[in-house]
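> Just dropping this structure here.
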Amino acid sequence: MNHYLERIRNNPDELLNFFKKMPKGADIHHHALGALRPADILKKAAELGLWIDTAEGWIYTKEQASTIPAAQFQLHSEAEQFCQDNWTVCGFDGKGDAGKYFFDIFFKISPVFNGHEPFWLNKILEEAATDSLLYIETLIECPTVSKKIYEIAENYEGSLDENSSDADFRTFLEYLSQKGLDKLKKEAVTLCDSWIDSVSNQATQLKFQLYTVRNLPPKAVLGQLILSYATASESDNIVGVNLVAPEYDELSLRYYSMHMRVCRWLSKLFPTVKLALHAGELCDKLVEDEHLKFHIFEAISVAGAKRIGHGVDLMSESNRNYIFDTMSEKPVAIEILPESNQFILGVFGDEHPFESYHRSKVPIVVASDDPGVLNTNLAAQFQKLAIDFPYLCYDDFKEFAFNSIRHSFLSNELKQALVLKLENQFVEFEQFEN
Ligand SMILES: [Zn+2]
């Protein structure tokens with residue numbers, strides 16, 4: 001297989017074809033809302049009687065100025081191109097703010113997703129099966145429950161800021177408990193369990209990480225984080241928690257260290273809940289240098305994250321040796337998301353710290369991030385790595401596939417079962433020299 005890979009190394013189409021067929025294990029940094037395909041979005045919007053803004057593709061549940069019914073829009077000869085341009089990064093003209101273009105898409109399409117999760121999760125798993133993935137660990141939230149916790153949190157009269165201590169967090173938790181945290185937790189568990197029940201017959205396993213939006217005021221972030229940990233501790237279908245939204249936004253930056261301390265405090269309260277964090281998804285074009293020095297370090301040393309997503313600002317971090325030693329020894333896996341980094345941060349090839357992680361023996365997991373919005377898939381991430389880092393051989397890619405199961409948040413029993421399946425898939429795959 002190593003020889004075959006070398007023969008096709010300079011042929012992108014054949015490389016992609018090869019990685020499509022190669023068993024890849026799991027996609028464990030995958031946002032459900034970022035995985036929707038434009039054609040499916042339009043079809044579902046029409047079915048639900050939603051409205052589409054004809055300028056930028058914002059979807060609404062009610063008629064607005066400049067909207068037409070999705071069912072009518074569907075008949076337009078240029079509808080397909082319009083959806084591709086506005087609901088994926090394909091329409092970005094290279095000028096302006098790539099991050100804003102990217103993150104806006106999630107808001108544009110959310111009315112077609114929220115409340116219809118089982119439909120989309122089935123779609124995601126159908127696609128995963130054609131990609132022969134064994135497992136998807138997708139990031140999701142329960143919007144109806146989030147809305148309630150935000151309202152409760154907002155009415156808290158105490159203050160929470162970057163100087164708040166564990167005692168302040170506890171007082172806030174007691175307030176939430178008095179206001180019905182337990183009921184909201186049960187509501188979220190019931191929702192998540194019902195979503196998994198609705199897809200349980202698929203060939204690919206599915207579990208959730210519950211996410212908290214990080215670029216909101218402290219009370220909202222803390223309320224949501226507390227609810228996420230509490231919910232995850234009660235359901236086998238929720239295997240972890242995570243923080244999402246632009247790490248470079250003003251509020252995300254200002255409260256970054258506080259968020260890390262909240263995660264540490266919650267991890268003690270809910271020791272069974274695993275934490276993965278988007279950390280170091282930054283570059284010097286987006287933030288001041290001072291912000292590039294400690295995010296990965298604190299995600300590991302303070303919050304105790306078991307996996308780091310992106311980790312792109314590594315070479316600007318002050319404590320690189322600690323990061324390398326801890327990530328390789330503990331271990332803490334790095335989730336590598338090549339196309340996402342190239343689009344949002346403009347970082348790829350030699351600029352990307354991939355090789356430093358790899359040479360320092362940090363376990364590498366390759367993931368897609370947002371296959372729908374980025375108009376990509378997991379195979380294309382492997383292809384990009386094979387092109388950008390030609391020293392990588394077949395055995396490296398095979399290792400990445402196994403890492404995606406080993407470093408997932410599944411129980412040990414489920415991991416062992418999937419590792420066995422993956423081994424069998426490779427035996428079959430390697431019988432043919434493609
Ligand atoms: Zn992500």
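Chain labels run A, B, ... following the order of the structure tokens; each chain numbers its residues from 1, and ligands are numbered from 1 in the order shown.
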Enumerate, as a PyMOL selection string, the complete set of residues in range 257-414 of chain A that a backbone-based DSSP assignment places in alpha helix (DSSP H).
chain A and resi 257-269+295-301+320-329+338-340+354-359+378-388+394-406+412-414
> If DSSP is run on the backbone, what residues of range 208-322 of chain A are strand (DSSP E)? A reply as an NGL selection string would be ideal.
:A and (208-213 or 238-244 or 274-279 or 307-310)
> What does the file look like for those residues with N, CA, C and O atoms, as an mmCIF file, in the first residue's frame?

```cif
data_model
loop_
_atom_site.group_PDB
_atom_site.id
_atom_site.type_symbol
_atom_site.label_atom_id
_atom_site.label_comp_id
_atom_site.auth_asym_id
_atom_site.auth_seq_id
_atom_site.Cartn_x
_atom_site.Cartn_y
_atom_site.Cartn_z
ATOM 1 N N PHE A 208 -23.127 11.885 20.755
ATOM 2 C CA PHE A 208 -23.082 13.350 20.746
ATOM 3 C C PHE A 208 -22.027 13.914 21.696
ATOM 4 O O PHE A 208 -21.758 13.355 22.760
ATOM 5 N N GLN A 209 -21.516 15.100 21.292
ATOM 6 C CA GLN A 209 -20.893 16.012 22.253
ATOM 7 C C GLN A 209 -21.862 17.180 22.335
ATOM 8 O O GLN A 209 -22.290 17.694 21.302
ATOM 9 N N LEU A 210 -22.214 17.584 23.534
ATOM 10 C CA LEU A 210 -23.082 18.757 23.683
ATOM 11 C C LEU A 210 -22.207 19.993 23.673
ATOM 12 O O LEU A 210 -21.204 20.053 24.382
ATOM 13 N N TYR A 211 -22.597 20.969 22.887
ATOM 14 C CA TYR A 211 -21.732 22.149 22.818
ATOM 15 C C TYR A 211 -22.326 23.363 23.514
ATOM 16 O O TYR A 211 -23.533 23.489 23.686
ATOM 17 N N THR A 212 -21.420 24.230 23.915
ATOM 18 C CA THR A 212 -21.762 25.525 24.497
ATOM 19 C C THR A 212 -21.175 26.611 23.612
ATOM 20 O O THR A 212 -20.017 26.509 23.204
ATOM 21 N N VAL A 213 -21.972 27.629 23.300
ATOM 22 C CA VAL A 213 -21.498 28.742 22.465
ATOM 23 C C VAL A 213 -20.637 29.661 23.334
ATOM 24 O O VAL A 213 -21.092 30.166 24.359
ATOM 25 N N ILE A 238 -24.575 10.859 25.197
ATOM 26 C CA ILE A 238 -23.786 12.102 25.164
ATOM 27 C C ILE A 238 -22.433 11.786 25.786
ATOM 28 O O ILE A 238 -22.322 11.594 26.992
ATOM 29 N N VAL A 239 -21.406 11.694 24.926
ATOM 30 C CA VAL A 239 -20.128 11.194 25.426
ATOM 31 C C VAL A 239 -19.155 12.309 25.805
ATOM 32 O O VAL A 239 -18.079 12.043 26.325
ATOM 33 N N GLY A 240 -19.531 13.557 25.538
ATOM 34 C CA GLY A 240 -18.615 14.629 25.895
ATOM 35 C C GLY A 240 -19.236 16.000 25.738
ATOM 36 O O GLY A 240 -20.389 16.142 25.321
ATOM 37 N N VAL A 241 -18.437 17.017 26.099
ATOM 38 C CA VAL A 241 -18.876 18.408 25.951
ATOM 39 C C VAL A 241 -17.766 19.198 25.245
ATOM 40 O O VAL A 241 -16.614 18.768 25.217
ATOM 41 N N ASN A 242 -18.133 20.352 24.694
ATOM 42 C CA ASN A 242 -17.192 21.142 23.904
ATOM 43 C C ASN A 242 -17.653 22.602 23.894
ATOM 44 O O ASN A 242 -18.793 22.892 24.240
ATOM 45 N N LEU A 243 -16.750 23.496 23.530
ATOM 46 C CA LEU A 243 -17.087 24.916 23.345
ATOM 47 C C LEU A 243 -16.949 25.258 21.865
ATOM 48 O O LEU A 243 -15.943 24.894 21.252
ATOM 49 N N VAL A 244 -17.942 25.962 21.305
ATOM 50 C CA VAL A 244 -17.888 26.294 19.874
ATOM 51 C C VAL A 244 -18.064 27.794 19.647
ATOM 52 O O VAL A 244 -18.255 28.550 20.598
ATOM 53 N N LYS A 274 -16.451 13.748 29.622
ATOM 54 C CA LYS A 274 -15.181 14.037 28.926
ATOM 55 C C LYS A 274 -15.287 15.361 28.174
ATOM 56 O O LYS A 274 -16.344 15.722 27.664
ATOM 57 N N LEU A 275 -14.135 16.026 28.098
ATOM 58 C CA LEU A 275 -14.091 17.353 27.495
ATOM 59 C C LEU A 275 -13.146 17.375 26.296
ATOM 60 O O LEU A 275 -12.001 16.957 26.397
ATOM 61 N N ALA A 276 -13.657 17.863 25.162
ATOM 62 C CA ALA A 276 -12.795 18.193 24.017
ATOM 63 C C ALA A 276 -12.942 19.693 23.816
ATOM 64 O O ALA A 276 -14.011 20.241 24.078
ATOM 65 N N LEU A 277 -11.878 20.355 23.385
ATOM 66 C CA LEU A 277 -11.978 21.812 23.230
ATOM 67 C C LEU A 277 -11.407 22.304 21.912
ATOM 68 O O LEU A 277 -10.326 21.859 21.493
ATOM 69 N N HIS A 278 -12.137 23.208 21.270
ATOM 70 C CA HIS A 278 -11.554 23.994 20.192
ATOM 71 C C HIS A 278 -10.563 24.938 20.892
ATOM 72 O O HIS A 278 -10.974 25.757 21.717
ATOM 73 N N ALA A 279 -9.295 24.805 20.583
ATOM 74 C CA ALA A 279 -8.310 25.666 21.252
ATOM 75 C C ALA A 279 -7.168 25.990 20.294
ATOM 76 O O ALA A 279 -6.685 25.112 19.579
ATOM 77 N N ARG A 307 -9.021 16.082 24.339
ATOM 78 C CA ARG A 307 -8.625 16.271 22.935
ATOM 79 C C ARG A 307 -8.643 17.764 22.631
ATOM 80 O O ARG A 307 -9.456 18.500 23.174
ATOM 81 N N ILE A 308 -7.719 18.168 21.742
ATOM 82 C CA ILE A 308 -7.652 19.568 21.305
ATOM 83 C C ILE A 308 -8.074 19.646 19.843
ATOM 84 O O ILE A 308 -7.533 18.928 18.994
ATOM 85 N N GLY A 309 -9.025 20.534 19.561
ATOM 86 C CA GLY A 309 -9.448 20.746 18.183
ATOM 87 C C GLY A 309 -8.686 21.909 17.577
ATOM 88 O O GLY A 309 -8.615 22.986 18.167
ATOM 89 N N HIS A 310 -8.087 21.698 16.413
ATOM 90 C CA HIS A 310 -7.330 22.704 15.640
ATOM 91 C C HIS A 310 -5.905 22.887 16.162
ATOM 92 O O HIS A 310 -4.964 22.462 15.522
#
```
> Dump as CSV the rows for residues of range 3-41 of chain A within 12 Å of range 193-206 of chain A: closest atom pair and distance in Å with one decimal, only C-alpha atoms counted, ordered by chain and rising residue number.

```
residue,atom,partner,partner_atom,distance
A:Gly25,CA,A:Thr204,CA,10.0
A:Ala26,CA,A:Thr204,CA,9.0
A:Asp27,CA,A:Leu206,CA,10.1
A:Ile28,CA,A:Leu206,CA,10.0
A:His30,CA,A:Leu206,CA,11.1
A:Ala32,CA,A:Leu206,CA,11.0
```
> Could you state the separation of CA of Asp284 in chain A and CA of Val312 in chain A in Å, given to one decimal place?
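So the two atoms, CA of Asp284 in chain A and CA of Val312 in chain A, lie 10.7 Å apart.
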> With distances taken over only C-alpha atoms and all ligand atoms, which residue among A:Gly280, A:Gly180, A:Gly223, A:Gly304 lies nearest ligand 1?
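Selected residue with least distance to ligand 1: A:Gly280.
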> Please provide the set of residues having any atom within 10 Å of range 356-365 of chain A, restricted to only C-alpha atoms, with same-chain residues fewer than 6 positions apart removed, written as a PyMOL selection string.
chain A and resi 26-29+307-309+311+314-315+321+323-337+392+396-397+399-408
> Restricted to N, CA and C atoms, what would the selected residues look like written as a compact mmCIF listing (two decimals), in the first residue's frame?

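That gives us result_21.txt:
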```txt
# COMPACT_ATOMS: atom_id res chain seq x y z
N ALA A 26 -13.40 6.84 12.25
CA ALA A 26 -14.48 7.70 12.75
C ALA A 26 -14.22 9.16 12.41
N ASP A 27 -15.27 9.94 12.44
CA ASP A 27 -15.15 11.40 12.33
C ASP A 27 -15.58 11.94 13.70
N ILE A 28 -14.62 12.38 14.49
CA ILE A 28 -14.95 12.76 15.87
C ILE A 28 -14.82 14.25 16.13
N HIS A 29 -14.58 15.03 15.08
CA HIS A 29 -14.76 16.49 15.22
C HIS A 29 -15.64 16.87 14.05
N ARG A 307 -9.02 16.08 24.34
CA ARG A 307 -8.62 16.27 22.94
C ARG A 307 -8.64 17.76 22.63
N ILE A 308 -7.72 18.17 21.74
CA ILE A 308 -7.65 19.57 21.31
C ILE A 308 -8.07 19.65 19.84
N GLY A 309 -9.02 20.53 19.56
CA GLY A 309 -9.45 20.75 18.18
C GLY A 309 -8.69 21.91 17.58
N GLY A 311 -5.73 23.57 17.29
CA GLY A 311 -4.37 23.77 17.83
C GLY A 311 -3.42 24.45 16.86
N LEU A 314 -0.06 26.80 17.71
CA LEU A 314 0.97 26.10 18.51
C LEU A 314 2.32 26.81 18.56
N MET A 315 2.84 27.23 17.40
CA MET A 315 4.21 27.75 17.38
C MET A 315 4.34 29.11 18.06
N ASN A 321 6.93 23.11 25.07
CA ASN A 321 7.46 21.84 25.55
C ASN A 321 6.47 21.11 26.45
N ILE A 323 3.28 21.42 26.26
CA ILE A 323 2.20 20.95 25.38
C ILE A 323 2.60 19.64 24.70
N PHE A 324 3.81 19.61 24.11
CA PHE A 324 4.26 18.40 23.42
C PHE A 324 4.34 17.22 24.40
N ASP A 325 4.97 17.46 25.57
CA ASP A 325 5.16 16.36 26.53
C ASP A 325 3.82 15.83 27.02
N THR A 326 2.94 16.76 27.41
CA THR A 326 1.67 16.32 27.98
C THR A 326 0.80 15.64 26.93
N MET A 327 0.75 16.23 25.73
CA MET A 327 -0.12 15.65 24.71
C MET A 327 0.37 14.27 24.27
N SER A 328 1.69 14.09 24.21
CA SER A 328 2.18 12.78 23.78
C SER A 328 2.12 11.76 24.90
N GLU A 329 2.31 12.20 26.15
CA GLU A 329 2.38 11.22 27.25
C GLU A 329 1.04 10.87 27.86
N LYS A 330 0.16 11.86 27.98
CA LYS A 330 -1.07 11.62 28.75
C LYS A 330 -1.97 10.54 28.14
N PRO A 331 -2.28 10.42 26.93
CA PRO A 331 -2.08 11.40 25.88
C PRO A 331 -3.32 12.29 25.69
N VAL A 332 -3.11 13.41 25.01
CA VAL A 332 -4.19 14.29 24.57
C VAL A 332 -4.07 14.37 23.05
N ALA A 333 -5.09 13.90 22.35
CA ALA A 333 -4.99 13.87 20.88
C ALA A 333 -5.21 15.25 20.29
N ILE A 334 -4.61 15.47 19.13
CA ILE A 334 -4.88 16.70 18.38
C ILE A 334 -5.81 16.34 17.21
N GLU A 335 -6.88 17.10 17.08
CA GLU A 335 -7.80 16.90 15.96
C GLU A 335 -7.36 17.84 14.84
N ILE A 336 -6.93 17.27 13.73
CA ILE A 336 -6.44 18.04 12.58
C ILE A 336 -7.57 18.24 11.57
N LEU A 337 -7.82 19.49 11.21
CA LEU A 337 -8.97 19.83 10.37
C LEU A 337 -8.49 20.71 9.21
N LEU A 392 4.32 11.81 4.70
CA LEU A 392 3.39 10.87 5.35
C LEU A 392 3.21 9.63 4.47
N ASP A 396 1.08 5.84 8.28
CA ASP A 396 0.68 7.01 9.06
C ASP A 396 -0.83 7.21 8.96
N PHE A 397 -1.34 7.16 7.73
CA PHE A 397 -2.78 7.38 7.55
C PHE A 397 -3.60 6.29 8.24
N GLU A 399 -2.68 4.72 10.89
CA GLU A 399 -2.61 5.06 12.32
C GLU A 399 -3.66 6.14 12.67
N PHE A 400 -3.80 7.15 11.81
CA PHE A 400 -4.78 8.21 12.06
C PHE A 400 -6.19 7.61 12.15
N ALA A 401 -6.45 6.63 11.28
CA ALA A 401 -7.78 5.99 11.28
C ALA A 401 -8.02 5.29 12.62
N PHE A 402 -7.02 4.52 13.09
CA PHE A 402 -7.18 3.84 14.38
C PHE A 402 -7.28 4.84 15.54
N ASN A 403 -6.51 5.93 15.43
CA ASN A 403 -6.57 6.95 16.49
C ASN A 403 -7.99 7.51 16.64
N SER A 404 -8.71 7.62 15.53
CA SER A 404 -10.05 8.23 15.61
C SER A 404 -11.00 7.39 16.46
N ILE A 405 -10.73 6.09 16.55
CA ILE A 405 -11.53 5.23 17.44
C ILE A 405 -10.93 5.27 18.84
N ARG A 406 -9.61 5.08 18.92
CA ARG A 406 -8.94 5.01 20.23
C ARG A 406 -9.14 6.28 21.05
N HIS A 407 -9.14 7.42 20.39
CA HIS A 407 -9.26 8.69 21.12
C HIS A 407 -10.67 9.26 21.10
N SER A 408 -11.61 8.46 20.63
CA SER A 408 -13.02 8.89 20.71
C SER A 408 -13.43 8.81 22.18
```
> Using only C-alpha atoms, determine which residues lie at most 12 Å from Ala380 in chain A, disregarding the query and same-chain residues fewer than 6 positions distant; provide the list as a list in words.
Pro12, Asp13, Glu14, Leu15, Leu16, Asn17, Phe18, Phe19, Lys20, Lys21, Met22, Lys24, Asp131, Leu337, Pro338, Glu339, Ser340, Val366, Ala367, Ser368, Asp369, Pro371, Leu374, Ala386 and Ile387 of chain A
> Using N, CA, C and O atoms, can you export the residues from the last selection as an mmCIF file, in the first residue's frame?

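The resulting file, result38.cif, is shown below:
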```cif
data_model
loop_
_atom_site.group_PDB
_atom_site.id
_atom_site.type_symbol
_atom_site.label_atom_id
_atom_site.label_comp_id
_atom_site.auth_asym_id
_atom_site.auth_seq_id
_atom_site.Cartn_x
_atom_site.Cartn_y
_atom_site.Cartn_z
ATOM 1 N N PRO A 12 -4.138 14.145 -7.648
ATOM 2 C CA PRO A 12 -5.154 14.428 -6.626
ATOM 3 C C PRO A 12 -6.432 13.591 -6.759
ATOM 4 O O PRO A 12 -6.976 13.142 -5.751
ATOM 5 N N ASP A 13 -6.864 13.350 -7.998
ATOM 6 C CA ASP A 13 -8.107 12.580 -8.177
ATOM 7 C C ASP A 13 -7.943 11.145 -7.684
ATOM 8 O O ASP A 13 -8.793 10.595 -6.999
ATOM 9 N N GLU A 14 -6.812 10.554 -8.074
ATOM 10 C CA GLU A 14 -6.588 9.162 -7.637
ATOM 11 C C GLU A 14 -6.386 9.087 -6.126
ATOM 12 O O GLU A 14 -6.810 8.139 -5.479
ATOM 13 N N LEU A 15 -5.730 10.122 -5.576
ATOM 14 C CA LEU A 15 -5.539 10.164 -4.121
ATOM 15 C C LEU A 15 -6.886 10.187 -3.406
ATOM 16 O O LEU A 15 -7.128 9.441 -2.454
ATOM 17 N N LEU A 16 -7.773 11.053 -3.895
ATOM 18 C CA LEU A 16 -9.087 11.171 -3.267
ATOM 19 C C LEU A 16 -9.840 9.850 -3.368
ATOM 20 O O LEU A 16 -10.439 9.380 -2.396
ATOM 21 N N ASN A 17 -9.759 9.245 -4.516
ATOM 22 C CA ASN A 17 -10.420 7.969 -4.734
ATOM 23 C C ASN A 17 -9.891 6.901 -3.767
ATOM 24 O O ASN A 17 -10.655 6.132 -3.170
ATOM 25 N N PHE A 18 -8.577 6.914 -3.591
ATOM 26 C CA PHE A 18 -7.923 5.967 -2.683
ATOM 27 C C PHE A 18 -8.423 6.173 -1.240
ATOM 28 O O PHE A 18 -8.796 5.230 -0.554
ATOM 29 N N PHE A 19 -8.451 7.430 -0.811
ATOM 30 C CA PHE A 19 -8.856 7.689 0.571
ATOM 31 C C PHE A 19 -10.363 7.509 0.777
ATOM 32 O O PHE A 19 -10.808 7.257 1.892
ATOM 33 N N LYS A 20 -11.133 7.636 -0.303
ATOM 34 C CA LYS A 20 -12.563 7.327 -0.184
ATOM 35 C C LYS A 20 -12.738 5.858 0.153
ATOM 36 O O LYS A 20 -13.561 5.488 0.971
ATOM 37 N N LYS A 21 -11.935 5.025 -0.499
ATOM 38 C CA LYS A 21 -12.063 3.576 -0.283
ATOM 39 C C LYS A 21 -11.396 3.123 1.006
ATOM 40 O O LYS A 21 -11.794 2.132 1.600
ATOM 41 N N MET A 22 -10.344 3.830 1.432
ATOM 42 C CA MET A 22 -9.605 3.401 2.634
ATOM 43 C C MET A 22 -10.480 3.525 3.886
ATOM 44 O O MET A 22 -11.154 4.540 4.057
ATOM 45 N N LYS A 24 -11.514 4.657 7.330
ATOM 46 C CA LYS A 24 -11.009 5.842 8.047
ATOM 47 C C LYS A 24 -11.451 5.876 9.512
ATOM 48 O O LYS A 24 -11.175 6.844 10.220
ATOM 49 N N ASP A 131 -19.173 6.292 3.120
ATOM 50 C CA ASP A 131 -17.762 6.605 3.337
ATOM 51 C C ASP A 131 -17.115 5.527 4.225
ATOM 52 O O ASP A 131 -16.008 5.701 4.699
ATOM 53 N N LEU A 337 -7.822 19.492 11.214
ATOM 54 C CA LEU A 337 -8.971 19.829 10.368
ATOM 55 C C LEU A 337 -8.492 20.708 9.212
ATOM 56 O O LEU A 337 -8.678 21.932 9.202
ATOM 57 N N PRO A 338 -7.837 20.098 8.217
ATOM 58 C CA PRO A 338 -7.065 20.863 7.230
ATOM 59 C C PRO A 338 -7.867 21.884 6.420
ATOM 60 O O PRO A 338 -7.430 23.028 6.278
ATOM 61 N N GLU A 339 -9.004 21.483 5.868
ATOM 62 C CA GLU A 339 -9.722 22.427 4.989
ATOM 63 C C GLU A 339 -10.326 23.565 5.775
ATOM 64 O O GLU A 339 -10.377 24.705 5.333
ATOM 65 N N SER A 340 -10.815 23.265 6.971
ATOM 66 C CA SER A 340 -11.382 24.284 7.848
ATOM 67 C C SER A 340 -10.327 25.343 8.162
ATOM 68 O O SER A 340 -10.571 26.545 8.075
ATOM 69 N N VAL A 366 -7.709 12.845 12.357
ATOM 70 C CA VAL A 366 -8.099 13.714 11.235
ATOM 71 C C VAL A 366 -9.628 13.779 11.211
ATOM 72 O O VAL A 366 -10.294 12.754 11.383
ATOM 73 N N ALA A 367 -10.178 14.975 11.056
ATOM 74 C CA ALA A 367 -11.641 15.097 11.075
ATOM 75 C C ALA A 367 -12.090 16.156 10.075
ATOM 76 O O ALA A 367 -11.276 16.911 9.532
ATOM 77 N N SER A 368 -13.401 16.198 9.838
ATOM 78 C CA SER A 368 -13.916 17.038 8.742
ATOM 79 C C SER A 368 -14.405 18.400 9.209
ATOM 80 O O SER A 368 -14.564 19.297 8.398
ATOM 81 N N ASP A 369 -14.714 18.551 10.499
ATOM 82 C CA ASP A 369 -15.266 19.783 11.071
ATOM 83 C C ASP A 369 -16.700 20.031 10.577
ATOM 84 O O ASP A 369 -17.648 19.726 11.277
ATOM 85 N N PRO A 371 -18.455 19.241 7.124
ATOM 86 C CA PRO A 371 -18.374 18.790 5.728
ATOM 87 C C PRO A 371 -19.367 19.473 4.794
ATOM 88 O O PRO A 371 -19.048 19.713 3.625
ATOM 89 N N LEU A 374 -18.254 23.321 4.380
ATOM 90 C CA LEU A 374 -16.959 23.382 3.686
ATOM 91 C C LEU A 374 -16.984 22.643 2.345
ATOM 92 O O LEU A 374 -15.971 22.597 1.641
ATOM 93 N N ALA A 386 -1.993 14.301 2.522
ATOM 94 C CA ALA A 386 -1.049 13.552 1.671
ATOM 95 C C ALA A 386 -0.333 14.492 0.710
ATOM 96 O O ALA A 386 0.828 14.288 0.361
ATOM 97 N N ILE A 387 -1.031 15.546 0.269
ATOM 98 C CA ILE A 387 -0.426 16.513 -0.659
ATOM 99 C C ILE A 387 0.456 17.513 0.096
ATOM 100 O O ILE A 387 1.603 17.770 -0.280
#
```
> Between CA of Ala188 in chain A and CA of Tyr256 in chain A, measure the distance and give it in Å to one decimal.
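Answer for the CA of Ala188 in chain A to CA of Tyr256 in chain A separation: 25.8 Å.
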> Quick one, how far is CA of Glu187 in chain A from CA of Ala230 in chain A?
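Distance between the two atoms: 11.6 Å.
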> With only C-alpha atoms and all ligand atoms as the atoms that count, which of A:Pro69, A:Arg261, A:Ser110, A:Asp370 lies nearest to ligand 1?
A:Asp370
> Considering only C-alpha atoms, return as a list of chain:residue names whatever protein or nucleic-acid residues lie within 6 Å of range 37-52 of chain A, sequence-local ones (same chain, fewer than 3 positions apart) excluded.
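What passes the distance filter is A:Gly57, A:Trp58, A:Ile59, A:Tyr60, A:Thr61, A:Glu63, A:Thr67, A:Ile68, A:Pro69, A:Ala70, A:Ala71, A:Cys83, A:Gln84, A:Val112, A:Gly372.
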> Please provide the set of residues having any atom within 12 Å of Ser318 in chain A, restricted to only C-alpha atoms, with same-chain residues fewer than 5 positions apart removed, written as an NGL selection string.
:A and (289-298 or 313 or 323-324)
